[in-house]
Amino acid sequence: MASMRDIKRRRDSIQSTEQITKAMKLVSTVKLQKSKSKAEASKPYFNLMYQTISSILRKSENLDHKYLRPGTSPKKAVVAITSNRGLAGGYNNNIVKLINAELPVGDTIVYSIGRKGRDGLQRKGYGIKADYSEVINEPLYQDAADLTLELLDSFARGEIGEIYLAYTSFKNTVTHIPKLIKLLPVEMEAGEDSEGKAHALMTYEPEEEEVLNSIVPKYMSSLIYGALLEAVASENGARMTAMDNATSNAEEMIEALSLQYNRARQGAITQELTEIVAGANAIS
Amino acid sequence: MADMFKLQIVTPERVFYEGDASMVELSTTEGDIGVYASHIPMTAIVSPGILKIHEGTQVKKAALHAGFIEVLPQEITIMAEVVEWPDEIDIKRADEARIRAERRLKDHNAEIDVLRAKMALRRALTRLSTRQ
């Protein structure tokens with residue numbers, strides 16, 4: 001059995017760890033509230049954008065547009081959104097695993113947002129083309145627009161044939177789902193034709209093709225921006241859950257150690273008493 | 001009095017405007033347009049300009065810089081990348097931007113991006129005229 005002093009030292013150390021995890025949980029709770037409301041505020045834009053794009057594409061099914069067919073290059077680009085900081089449970093690792101499972105190492109170019117994901121993917125052997133890790137601290141729409149321009153530029157030059165986006169979608173405070181979606185070529189899920197709007201009569205000014213030229217980049221930017229905001233909310237949510245678990249684990253350990261400590265103390269006292277009594281008996 | 005329609009203006013950060021309007025005026029890449037209720041369905045690209053929202057007799061102004069508009073007979077949606085109410089515009093900054101852009105356009109240097117400077121100038125002018 002460990003000595004009383006060892007148990008006490010262990011318990012103290014766990015206690016200070018608990019204090020840290022508790023503080024981190026509080027901080028991420030506050031951050032979660034903020035990032036959650038931000039993510040929710042951007043939802044209407046994102047949803048409307050999706051509706052508009054799908055209604056345009058549904059109407060013009062046989063349109064042959066450069067953004068609607070894959071490029072000639074076999075290379076795939078992926079925008080990997082993770083965090084700059086760890087201690088968020090499986091948050092970062094889930095994205096790395098998802099990318100590793102879906103996209104081959106040799107043919108994939110990574111545009112990373114978030115240091116942890118960049119390092120993880122680098123270790124797996126992915127080539128990192130560009131790193132925008134600063135962005136995740138305070139995502140702006142402009143950042144998403146700049147990234148979109150760069151991606152479309154590479155796409156137009158034929159360096160990449162497909163563009164993917166990997167991020168953690170925020171369902172609610174405890175559920176976050178890592179997702180991989182295709183940005184380019186634009187693909188819509190079929191089968192939501194039953195909307196009552198008069199899409200069939202839609203006219204375009206200027207021509208459809210030019211409208212698509214201008215709307216697709218906006219669509220991509222809005223997807224990336226929405227993903228950034230959701231990822232930040234998910235990160236804080238994941239960290240909150242992780243820190244909550246850590247705190248309760250620490251509490252459990254402290255309880256067990258306290259019990260051990262008290263047993264050891266009782267044992268020591270009993271032993272001492274026995275020794276004294278034995279000593280007294282021997283003298284008399 | 002003209003019929004009212006539902007107008008919704010959304011930006012990536014927030015819902016900018018939501019309500020009933022009788023007419024909306026804005027600039028598109030094809031020219032300035034004014035849209036009443038029961039317009040034929042149309043999608044157009046926004047170019048920088050003043051956005052005027054007529055709510056019956058009242059008119060609200062805003063600076064609209066980029067985005068696109070989807071018109072349906074009873075519902076108009078403007079997906080704006082950048083849009084500002086007059087009181088959100090920093091007039092000094094807009095004026096400085098205007099001067100910078102004008103200078104850049106004047107000294108026909110090969111290195112400067114003429115298109116970008118022109119767009120910057122238009123944005124600045126839109127902001128200034130919205131404010132007045």
# chains A, B, ... in the order shown; residues from 1 in each chain; ligands from 1
call {"tool": "select_by_dssp", "arguments": {"residues": "segment 63-217 of chain A", "states": "helix (DSSP H, G or I)", "output": "ChimeraX atom specification"}}
result
/A:91-102,115-124,133-137,141-156,199-201,208-217
call {"tool": "interface_residues", "arguments": {"of": "chain A", "to": "chain B", "cutoff": "12 Å", "atoms": "only C-alpha atoms", "output": "number ranges by chain"}}
result
A: 35, 37-53, 55-56, 139-142, 144-145, 196-219, 221-229
call {"tool": "residues_around", "arguments": {"residues": "Asp20 of chain B", "least_positions_apart": "4", "cutoff": "8 Å", "atoms": "only C-alpha atoms", "output": "compact mmCIF listing (two decimals) with N, CA and C atoms, in the first residue's frame"}}
result
# COMPACT_ATOMS: atom_id res chain seq x y z
N MET B 4 -47.98 45.44 -51.73
CA MET B 4 -46.76 45.20 -50.96
C MET B 4 -46.22 43.80 -51.26
N PHE B 5 -44.94 43.64 -51.10
CA PHE B 5 -44.36 42.31 -51.21
C PHE B 5 -43.39 42.09 -50.04
N LYS B 6 -43.02 40.86 -49.87
CA LYS B 6 -42.11 40.54 -48.78
C LYS B 6 -40.67 40.76 -49.24
N LEU B 7 -39.93 41.54 -48.49
CA LEU B 7 -38.54 41.79 -48.86
C LEU B 7 -37.64 41.25 -47.76
N GLU B 55 -41.31 51.79 -48.38
CA GLU B 55 -42.35 51.14 -47.56
C GLU B 55 -43.55 52.06 -47.59
call {"tool": "select_by_dssp", "arguments": {"residues": "segment 46-278 of chain A", "states": "strand (DSSP E or B)", "output": "PyMOL selection string"}}
result
chain A and resi 76-81+88+90+108-113+127-131+162-170+176-184+203-205
call {"tool": "write_last_selection", "arguments": {"atoms": "N, CA and C atoms", "output": "compact mmCIF listing (two decimals), in the first residue's frame"}}
result
# COMPACT_ATOMS: atom_id res chain seq x y z
N LYS A 76 -7.12 16.39 -56.10
CA LYS A 76 -8.26 16.89 -55.34
C LYS A 76 -7.76 17.86 -54.29
N ALA A 77 -8.48 18.95 -54.13
CA ALA A 77 -8.11 19.89 -53.07
C ALA A 77 -9.08 19.71 -51.92
N VAL A 78 -8.59 19.82 -50.71
CA VAL A 78 -9.50 19.74 -49.57
C VAL A 78 -9.19 20.88 -48.60
N VAL A 79 -10.25 21.57 -48.20
CA VAL A 79 -10.11 22.61 -47.19
C VAL A 79 -10.41 21.95 -45.85
N ALA A 80 -9.40 21.83 -45.00
CA ALA A 80 -9.58 21.12 -43.73
C ALA A 80 -9.69 22.13 -42.60
N ILE A 81 -10.86 22.18 -41.99
CA ILE A 81 -11.07 23.13 -40.91
C ILE A 81 -10.95 22.42 -39.56
N ALA A 88 -9.50 19.16 -26.94
CA ALA A 88 -10.91 19.24 -27.30
C ALA A 88 -11.42 17.85 -27.66
N GLY A 90 -11.86 14.36 -29.32
CA GLY A 90 -11.50 13.84 -30.64
C GLY A 90 -11.72 14.83 -31.76
N THR A 108 -4.03 14.34 -53.16
CA THR A 108 -4.78 15.34 -52.44
C THR A 108 -3.89 16.50 -52.01
N ILE A 109 -4.40 17.69 -52.24
CA ILE A 109 -3.71 18.90 -51.82
C ILE A 109 -4.52 19.51 -50.68
N VAL A 110 -3.85 19.84 -49.57
CA VAL A 110 -4.59 20.33 -48.41
C VAL A 110 -4.43 21.83 -48.26
N TYR A 111 -5.55 22.51 -48.11
CA TYR A 111 -5.58 23.91 -47.68
C TYR A 111 -6.04 23.87 -46.24
N SER A 112 -5.13 24.10 -45.31
CA SER A 112 -5.53 23.87 -43.92
C SER A 112 -5.91 25.17 -43.23
N ILE A 113 -6.96 25.08 -42.43
CA ILE A 113 -7.34 26.16 -41.54
C ILE A 113 -7.34 25.53 -40.15
N GLY A 127 0.26 16.53 -48.65
CA GLY A 127 0.96 17.76 -48.99
C GLY A 127 0.11 18.96 -48.61
N ILE A 128 0.71 19.89 -47.87
CA ILE A 128 -0.03 21.08 -47.46
C ILE A 128 0.30 22.20 -48.44
N LYS A 129 -0.72 22.69 -49.15
CA LYS A 129 -0.48 23.74 -50.13
C LYS A 129 -0.44 25.10 -49.45
N ALA A 130 -1.39 25.35 -48.59
CA ALA A 130 -1.43 26.65 -47.94
C ALA A 130 -2.03 26.49 -46.55
N ASP A 131 -1.69 27.42 -45.70
CA ASP A 131 -2.12 27.33 -44.31
C ASP A 131 -2.75 28.66 -43.89
N GLU A 162 -11.09 18.69 -58.39
CA GLU A 162 -12.25 18.67 -57.50
C GLU A 162 -11.88 19.40 -56.21
N ILE A 163 -12.86 20.01 -55.59
CA ILE A 163 -12.59 20.72 -54.34
C ILE A 163 -13.54 20.20 -53.25
N TYR A 164 -12.96 19.83 -52.13
CA TYR A 164 -13.77 19.34 -51.01
C TYR A 164 -13.60 20.25 -49.80
N LEU A 165 -14.53 20.13 -48.89
CA LEU A 165 -14.48 20.91 -47.66
C LEU A 165 -14.73 19.94 -46.48
N ALA A 166 -13.78 19.91 -45.55
CA ALA A 166 -13.95 19.04 -44.38
C ALA A 166 -14.07 19.90 -43.14
N TYR A 167 -15.17 19.74 -42.42
CA TYR A 167 -15.36 20.54 -41.22
C TYR A 167 -16.26 19.78 -40.25
N THR A 168 -16.38 20.28 -39.06
CA THR A 168 -17.23 19.64 -38.07
C THR A 168 -18.53 20.42 -37.97
N SER A 169 -19.61 19.75 -38.34
CA SER A 169 -20.88 20.47 -38.33
C SER A 169 -21.46 20.46 -36.92
N PHE A 170 -22.07 21.57 -36.58
CA PHE A 170 -22.58 21.77 -35.22
C PHE A 170 -24.06 21.48 -35.20
N HIS A 176 -21.60 16.85 -32.52
CA HIS A 176 -20.89 17.50 -33.62
C HIS A 176 -20.49 16.41 -34.60
N ILE A 177 -20.78 16.63 -35.87
CA ILE A 177 -20.53 15.57 -36.84
C ILE A 177 -19.46 16.03 -37.82
N PRO A 178 -18.36 15.30 -37.93
CA PRO A 178 -17.37 15.65 -38.95
C PRO A 178 -17.94 15.35 -40.33
N LYS A 179 -17.79 16.31 -41.25
CA LYS A 179 -18.43 16.18 -42.56
C LYS A 179 -17.43 16.48 -43.65
N LEU A 180 -17.59 15.79 -44.77
CA LEU A 180 -16.79 16.07 -45.95
C LEU A 180 -17.76 16.36 -47.08
N ILE A 181 -17.75 17.60 -47.59
CA ILE A 181 -18.67 17.90 -48.68
C ILE A 181 -17.91 18.38 -49.91
N LYS A 182 -18.55 18.19 -51.06
CA LYS A 182 -17.91 18.55 -52.32
C LYS A 182 -18.31 19.97 -52.67
N LEU A 183 -17.32 20.84 -52.87
CA LEU A 183 -17.64 22.22 -53.25
C LEU A 183 -17.74 22.34 -54.77
N LEU A 184 -16.75 21.79 -55.45
CA LEU A 184 -16.72 21.87 -56.90
C LEU A 184 -16.38 20.50 -57.46
N THR A 203 -36.16 34.20 -65.06
CA THR A 203 -35.29 34.78 -66.09
C THR A 203 -34.00 35.26 -65.44
N TYR A 204 -32.97 35.32 -66.23
CA TYR A 204 -31.67 35.69 -65.68
C TYR A 204 -31.13 36.92 -66.38
N GLU A 205 -30.64 37.82 -65.59
CA GLU A 205 -29.97 39.00 -66.12
C GLU A 205 -28.62 39.12 -65.48
call {"tool": "residues_around", "arguments": {"residues": "Asn92 of chain A", "least_positions_apart": "6", "cutoff": "10 Å", "atoms": "only C-alpha atoms", "output": "PyMOL selection string"}}
result
chain A and resi 80-86+114-118+120+167-168+178+235+238
call {"tool": "closest_residue", "arguments": {"among": "A:Arg9, A:Leu57, A:Gln19, A:Pro185", "to": "Ala156 of chain A", "atoms": "only C-alpha atoms"}}
result
A:Pro185
call {"tool": "residues_around", "arguments": {"residues": "segment 31-33 of chain A", "least_positions_apart": "5", "cutoff": "10 Å", "atoms": "only C-alpha atoms", "output": "PyMOL selection string"}}
result
chain A and resi 25-26+38-39+173+232-240
call {"tool": "closest_atom_pairs", "arguments": {"of": "segment 2-112 of chain B", "to": "segment 118-128 of chain B", "cutoff": "9 Å", "atoms": "only C-alpha atoms", "output": "Markdown table"}}
result
| residue | atom | partner | partner_atom | distance |
| --- | --- | --- | --- | --- |
| B:Pro48 | CA | B:Arg123 | CA | 6.1 |
| B:Gly49 | CA | B:Thr126 | CA | 5.3 |
| B:Ile50 | CA | B:Thr126 | CA | 6.2 |
| B:Ala62 | CA | B:Arg127 | CA | 8.5 |
| B:Ala63 | CA | B:Arg127 | CA | 5.8 |
| B:Leu64 | CA | B:Thr126 | CA | 7.9 |
| B:His65 | CA | B:Arg123 | CA | 6.4 |
| B:Glu84 | CA | B:Arg127 | CA | 8.4 |
| B:Pro86 | CA | B:Arg127 | CA | 7.7 |
| B:Ile89 | CA | B:Arg127 | CA | 6.7 |
| B:Asp90 | CA | B:Arg127 | CA | 8.5 |
| B:Ile91 | CA | B:Leu128 | CA | 6.5 |
| B:Arg93 | CA | B:Ala124 | CA | 8.6 |
| B:Ala94 | CA | B:Ala124 | CA | 5.0 |
| B:Asp95 | CA | B:Ala124 | CA | 6.7 |
| B:Glu96 | CA | B:Ala124 | CA | 8.5 |
| B:Ala97 | CA | B:Ala124 | CA | 6.0 |
| B:Arg98 | CA | B:Ala124 | CA | 5.2 |
| B:Ile99 | CA | B:Leu121 | CA | 8.2 |
| B:Arg100 | CA | B:Leu121 | CA | 8.3 |
| B:Ala101 | CA | B:Leu121 | CA | 5.3 |
| B:Glu102 | CA | B:Leu121 | CA | 6.8 |
| B:Leu105 | CA | B:Lys118 | CA | 7.4 |
call {"tool": "decode", "arguments": {"residues": "segment 100-130 of chain A", "atoms": "N, CA and C atoms", "output": "short mmCIF file (atom, residue, chain, number, x, y, z; two decimals), in the first residue's frame"}}
result
data_model
loop_
_atom_site.label_atom_id
_atom_site.label_comp_id
_atom_site.auth_asym_id
_atom_site.auth_seq_id
_atom_site.Cartn_x
_atom_site.Cartn_y
_atom_site.Cartn_z
N ASN A 100 -8.48 11.10 -44.21
CA ASN A 100 -7.62 9.96 -44.52
C ASN A 100 -8.44 8.79 -45.08
N ALA A 101 -9.67 8.66 -44.60
CA ALA A 101 -10.50 7.55 -45.05
C ALA A 101 -11.06 7.80 -46.45
N GLU A 102 -11.32 9.09 -46.78
CA GLU A 102 -12.04 9.38 -48.01
C GLU A 102 -11.13 9.77 -49.18
N LEU A 103 -10.01 10.41 -48.88
CA LEU A 103 -9.19 10.96 -49.96
C LEU A 103 -7.81 10.33 -49.94
N PRO A 104 -7.32 9.88 -51.13
CA PRO A 104 -6.00 9.25 -51.18
C PRO A 104 -4.88 10.25 -50.92
N VAL A 105 -3.83 9.78 -50.24
CA VAL A 105 -2.74 10.67 -49.83
C VAL A 105 -2.06 11.30 -51.04
N GLY A 106 -1.80 10.48 -52.09
CA GLY A 106 -0.99 10.97 -53.20
C GLY A 106 -1.65 12.05 -54.03
N ASP A 107 -2.98 12.01 -54.14
CA ASP A 107 -3.67 12.90 -55.07
C ASP A 107 -4.39 14.05 -54.40
N THR A 108 -4.03 14.34 -53.16
CA THR A 108 -4.78 15.34 -52.44
C THR A 108 -3.89 16.50 -52.01
N ILE A 109 -4.40 17.69 -52.24
CA ILE A 109 -3.71 18.90 -51.82
C ILE A 109 -4.52 19.51 -50.68
N VAL A 110 -3.85 19.84 -49.57
CA VAL A 110 -4.59 20.33 -48.41
C VAL A 110 -4.43 21.83 -48.26
N TYR A 111 -5.55 22.51 -48.11
CA TYR A 111 -5.58 23.91 -47.68
C TYR A 111 -6.04 23.87 -46.24
N SER A 112 -5.13 24.10 -45.31
CA SER A 112 -5.53 23.87 -43.92
C SER A 112 -5.91 25.17 -43.23
N ILE A 113 -6.96 25.08 -42.43
CA ILE A 113 -7.34 26.16 -41.54
C ILE A 113 -7.34 25.53 -40.15
N GLY A 114 -6.37 25.85 -39.34
CA GLY A 114 -6.25 25.20 -38.04
C GLY A 114 -4.97 24.39 -37.97
N ARG A 115 -4.14 24.71 -36.97
CA ARG A 115 -2.81 24.10 -36.88
C ARG A 115 -2.86 22.61 -36.59
N LYS A 116 -3.80 22.19 -35.73
CA LYS A 116 -3.83 20.80 -35.30
C LYS A 116 -4.10 19.87 -36.47
N GLY A 117 -5.04 20.29 -37.34
CA GLY A 117 -5.37 19.47 -38.49
C GLY A 117 -4.20 19.43 -39.47
N ARG A 118 -3.54 20.58 -39.63
CA ARG A 118 -2.40 20.64 -40.53
C ARG A 118 -1.32 19.65 -40.08
N ASP A 119 -0.99 19.70 -38.78
CA ASP A 119 0.06 18.80 -38.28
C ASP A 119 -0.35 17.35 -38.43
N GLY A 120 -1.60 17.06 -38.11
CA GLY A 120 -2.08 15.68 -38.20
C GLY A 120 -2.01 15.16 -39.62
N LEU A 121 -2.43 16.00 -40.59
CA LEU A 121 -2.44 15.56 -41.99
C LEU A 121 -1.02 15.44 -42.52
N GLN A 122 -0.14 16.33 -42.06
CA GLN A 122 1.25 16.28 -42.48
C GLN A 122 1.88 14.96 -42.05
N ARG A 123 1.55 14.56 -40.83
CA ARG A 123 2.10 13.29 -40.32
C ARG A 123 1.63 12.12 -41.17
N LYS A 124 0.41 12.21 -41.69
CA LYS A 124 -0.11 11.12 -42.51
C LYS A 124 0.47 11.16 -43.91
N GLY A 125 1.20 12.22 -44.25
CA GLY A 125 1.85 12.28 -45.55
C GLY A 125 1.16 13.15 -46.58
N TYR A 126 0.15 13.93 -46.19
CA TYR A 126 -0.51 14.81 -47.14
C TYR A 126 0.34 16.04 -47.42
N GLY A 127 0.26 16.53 -48.65
CA GLY A 127 0.96 17.76 -48.99
C GLY A 127 0.11 18.96 -48.61
N ILE A 128 0.71 19.89 -47.87
CA ILE A 128 -0.03 21.08 -47.46
C ILE A 128 0.30 22.20 -48.44
N LYS A 129 -0.72 22.69 -49.15
CA LYS A 129 -0.48 23.74 -50.13
C LYS A 129 -0.44 25.10 -49.45
N ALA A 130 -1.39 25.35 -48.59
CA ALA A 130 -1.43 26.65 -47.94
C ALA A 130 -2.03 26.49 -46.55
#
